[in-house]
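First up is the structure itself, then whatever we jot down about it.
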Amino acid sequence: MKLGELEFWLITDGTFRLDGGAMFGVIPKPMWERVAPPDERNRILMAMNSLLIRAAGKWILIETGAGDKWDAKRTEIYSFDGAPRLPDKLVTHGVPPEQIDIVINTHLHFDHCGWNTRLVNAEAIPLFPNARYMVQRAEFEHAQSPTDRDRASYFLENFMPMQKSGQWHLLEGDTEVVPGLDLIRVPGHNRDMMCVRLTGGGKTVFFTADLIPTAAHVPYPWIMGYDLYPLTTLENKQKWIPQAVRGEWLVIFGHEARTPCGYLTEQKGKFVLEPVQLDA
Ligand SMILES: [Zn+2]
């Protein structure tokens, strides 16, 4: 899709599964299972959505999925699926990892930064050798000493190798990466997660990351049990969703597998998604 000079493609690193109860927090199962049917282990299907962007003469990748540094036990727990995975999709788009100039992680949970690195002789090294990697400085620091509650979401091998290679460019708050690409710190899911706004040609695209992980999470109280600050998530949904409706922004959800993007409208006090199919 084109936004003036800026062009972007929605690509995924395939799908995985997480516990449906954890994904919907205080929402009772009889309500969420109608929109997100669980498997026999109560897990719901989620995608790991990324954006490949061409802007200001640079190739920019937002989110790097879950990667492949997984042992058999965790592969089974999360049920990673869906070839081709992200690096192969980049090659298909004619942009192999060496050509990526900037990699942006909205935060450092494993499902957002897995392909930051790959294993070579059992050592994790950056997959994007020529890229600057970006994340909030406070998230980078938190990721190295998480709490007992969010420890399972962080793996050092996804983000420490770029410390060694000097590829991190750590951000302090909201940042315009190139004209038309803004990173906005949106706390709630954790303290320093970012959403991404693309603008150009009179249009706006909003990548929600984990503020609104799937289309089912659009209603205000439908908030993940994983969130460290759910009331802040609520405030930020109340801030950003009406803006997206008024501005007719194209919204792209961080983890939606079936209808990853579309326009939100308000009908009889409810937000309704009109899904949009982007060309691959
Ligand atoms: Zn996530």
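Chain labels run A, B, ... following the order of the structure tokens; each chain numbers its residues from 1, and ligands are numbered from 1 in the order shown.
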Let me have all residues with an atom within 12 Å of ligand 1, counting only C-alpha atoms and all ligand atoms, laid out as a PyMOL selection string.
-> chain A and resi 15-18+23+46-50+63-66+105-114+153-154+189-190+193-195+208-214+224+226-227+253-256
Could you give me the residues within region 82-266 of chain A that DSSP places in helix (DSSP H, G or I), as JSON, numbers by chain?
-> {"A": [86, 87, 88, 89, 90, 91, 92, 97, 98, 99, 110, 111, 112, 113, 114, 115, 116, 137, 138, 139, 140, 141, 142, 143, 144, 151, 152, 153, 156, 157, 158, 159, 161, 162, 163, 164, 165, 215, 216, 217, 230, 231, 232, 233, 234, 235, 236, 237, 238, 239, 240, 241, 242, 243, 244, 245, 246]}
What lies within 8 Å of Ala56 (chain A) using only C-alpha atoms, ignoring chain neighbours under 3 positions off, as number ranges by chain?
-> A: 5-6, 178-179
For Leu10 (chain A), which residue among A:Gly200, A:Leu90, A:Met162, A:Lys29 is the nearest when counting only C-alpha atoms?
-> A:Leu90
Per DSSP on the backbone, what are the strand (DSSP E) residues of region 91-248 of chain A, as a PyMOL selection string?
-> chain A and resi 102-104+117-120+123-126+132-136+168-171+175-178+181-185+194-200+203-207
If you keep C-alpha atoms, can you produce a file of those selected residues as a PDB file, in the first residue's frame?
ATOM      1  CA  ILE A 102      16.325  -0.215  10.289  1.00  0.00           C
ATOM      2  CA  VAL A 103      14.656  -2.831  12.509  1.00  0.00           C
ATOM      3  CA  ILE A 104      12.064  -1.589  14.991  1.00  0.00           C
ATOM      4  CA  THR A 117      18.913 -12.862  15.796  1.00  0.00           C
ATOM      5  CA  ARG A 118      19.541 -16.370  14.545  1.00  0.00           C
ATOM      6  CA  LEU A 119      21.745 -19.181  15.752  1.00  0.00           C
ATOM      7  CA  VAL A 120      25.069 -19.772  14.033  1.00  0.00           C
ATOM      8  CA  GLU A 123      25.540 -18.602  19.099  1.00  0.00           C
ATOM      9  CA  ALA A 124      22.829 -15.973  18.548  1.00  0.00           C
ATOM     10  CA  ILE A 125      24.000 -13.308  16.096  1.00  0.00           C
ATOM     11  CA  PRO A 126      22.088 -10.420  14.464  1.00  0.00           C
ATOM     12  CA  ARG A 132      20.220  -0.199  13.192  1.00  0.00           C
ATOM     13  CA  TYR A 133      17.823  -1.749  15.699  1.00  0.00           C
ATOM     14  CA  MET A 134      15.429   0.495  17.608  1.00  0.00           C
ATOM     15  CA  VAL A 135      13.457   0.091  20.824  1.00  0.00           C
ATOM     16  CA  GLN A 136      12.760   2.309  23.820  1.00  0.00           C
ATOM     17  CA  TRP A 168      21.140  -0.767  19.095  1.00  0.00           C
ATOM     18  CA  HIS A 169      19.809   2.743  18.691  1.00  0.00           C
ATOM     19  CA  LEU A 170      17.860   3.230  21.918  1.00  0.00           C
ATOM     20  CA  LEU A 171      14.971   5.685  21.916  1.00  0.00           C
ATOM     21  CA  THR A 175      10.436   9.400  17.748  1.00  0.00           C
ATOM     22  CA  GLU A 176      10.058  10.317  14.077  1.00  0.00           C
ATOM     23  CA  VAL A 177      12.243   7.727  12.362  1.00  0.00           C
ATOM     24  CA  VAL A 178      11.874   9.188   8.866  1.00  0.00           C
ATOM     25  CA  LEU A 181       6.998   7.127  10.232  1.00  0.00           C
ATOM     26  CA  ASP A 182       6.352   7.934  13.888  1.00  0.00           C
ATOM     27  CA  LEU A 183       6.937   5.710  16.885  1.00  0.00           C
ATOM     28  CA  ILE A 184       4.673   6.547  19.784  1.00  0.00           C
ATOM     29  CA  ARG A 185       5.263   5.280  23.299  1.00  0.00           C
ATOM     30  CA  MET A 194       5.334   1.620  21.145  1.00  0.00           C
ATOM     31  CA  CYS A 195       2.645   1.893  18.496  1.00  0.00           C
ATOM     32  CA  VAL A 196       3.545   2.944  14.949  1.00  0.00           C
ATOM     33  CA  ARG A 197       1.884   5.638  12.858  1.00  0.00           C
ATOM     34  CA  LEU A 198       2.486   5.984   9.130  1.00  0.00           C
ATOM     35  CA  THR A 199       1.291   9.068   7.277  1.00  0.00           C
ATOM     36  CA  GLY A 200       1.481  10.201   3.679  1.00  0.00           C
ATOM     37  CA  LYS A 203      -3.718   8.899   4.676  1.00  0.00           C
ATOM     38  CA  THR A 204      -2.809   7.477   8.080  1.00  0.00           C
ATOM     39  CA  VAL A 205      -2.050   3.909   9.121  1.00  0.00           C
ATOM     40  CA  PHE A 206      -1.874   2.887  12.790  1.00  0.00           C
ATOM     41  CA  PHE A 207      -0.097  -0.293  13.848  1.00  0.00           C
TER      42      PHE A 207
END
Polymer residues at most 12 Å from Gln267 (chain A), only C-alpha atoms, same-chain spacing of 6 or more positions, as a compact mmCIF listing (two decimals) with N, CA and C atoms, in the first residue's frame:
# COMPACT_ATOMS: atom_id res chain seq x y z
N VAL A 245 -11.00 6.34 14.47
CA VAL A 245 -12.33 6.40 13.86
C VAL A 245 -12.52 7.74 13.15
N LEU A 273 -15.41 -3.11 12.91
CA LEU A 273 -14.28 -3.18 11.98
C LEU A 273 -14.77 -3.53 10.58
N GLU A 274 -14.36 -2.70 9.61
CA GLU A 274 -14.56 -3.09 8.21
C GLU A 274 -13.21 -3.57 7.70
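The interatomic distance for the pair CA of Glu7 (chain A) and CA of Leu52 (chain A) works out to 8.5 Å.
Between CA of Pro30 (chain A) and CA of Arg43 (chain A) lies a distance of 14.3 Å.
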Surrounding residues of Leu234 (chain A) excluding itself and chain neighbours under 6 positions, 12 Å, only C-alpha atoms, as JSON, numbers by chain | {"A": [186, 187, 188, 189, 211, 212, 217, 218, 219, 220, 221, 222, 223, 224, 227, 228, 240, 241]}
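The smallest atom-to-atom distance between Pro161 (chain A) and any of A:Gly201, A:Trp115, A:Phe271, A:His142, using only C-alpha atoms, is found for A:Trp115.
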Taking only C-alpha atoms into account, which of A:Asn42, A:Thr75, A:Asn116, A:Thr147 comes nearest Pro129 (chain A)?
-> A:Asn116
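Going from CA of Pro146 (chain A) over to CA of Lys239 (chain A), you cover 27.5 Å.
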Between A:Glu172, A:Glu248, A:Asp192, A:Asp148, smallest distance to Thr232 (chain A) by only C-alpha atoms belongs to A:Asp192
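Shortest atom-to-atom contact with Asp81 (chain A) among A:Val276, A:Ala257, A:Leu250, A:Ala143: A:Ala257, counting only C-alpha atoms.
Taking only C-alpha atoms into account, Gly20 (chain A) lies nearest to A:Ala216 out of the set A:Leu127, A:Gln144, A:Gly4, A:Ala216.
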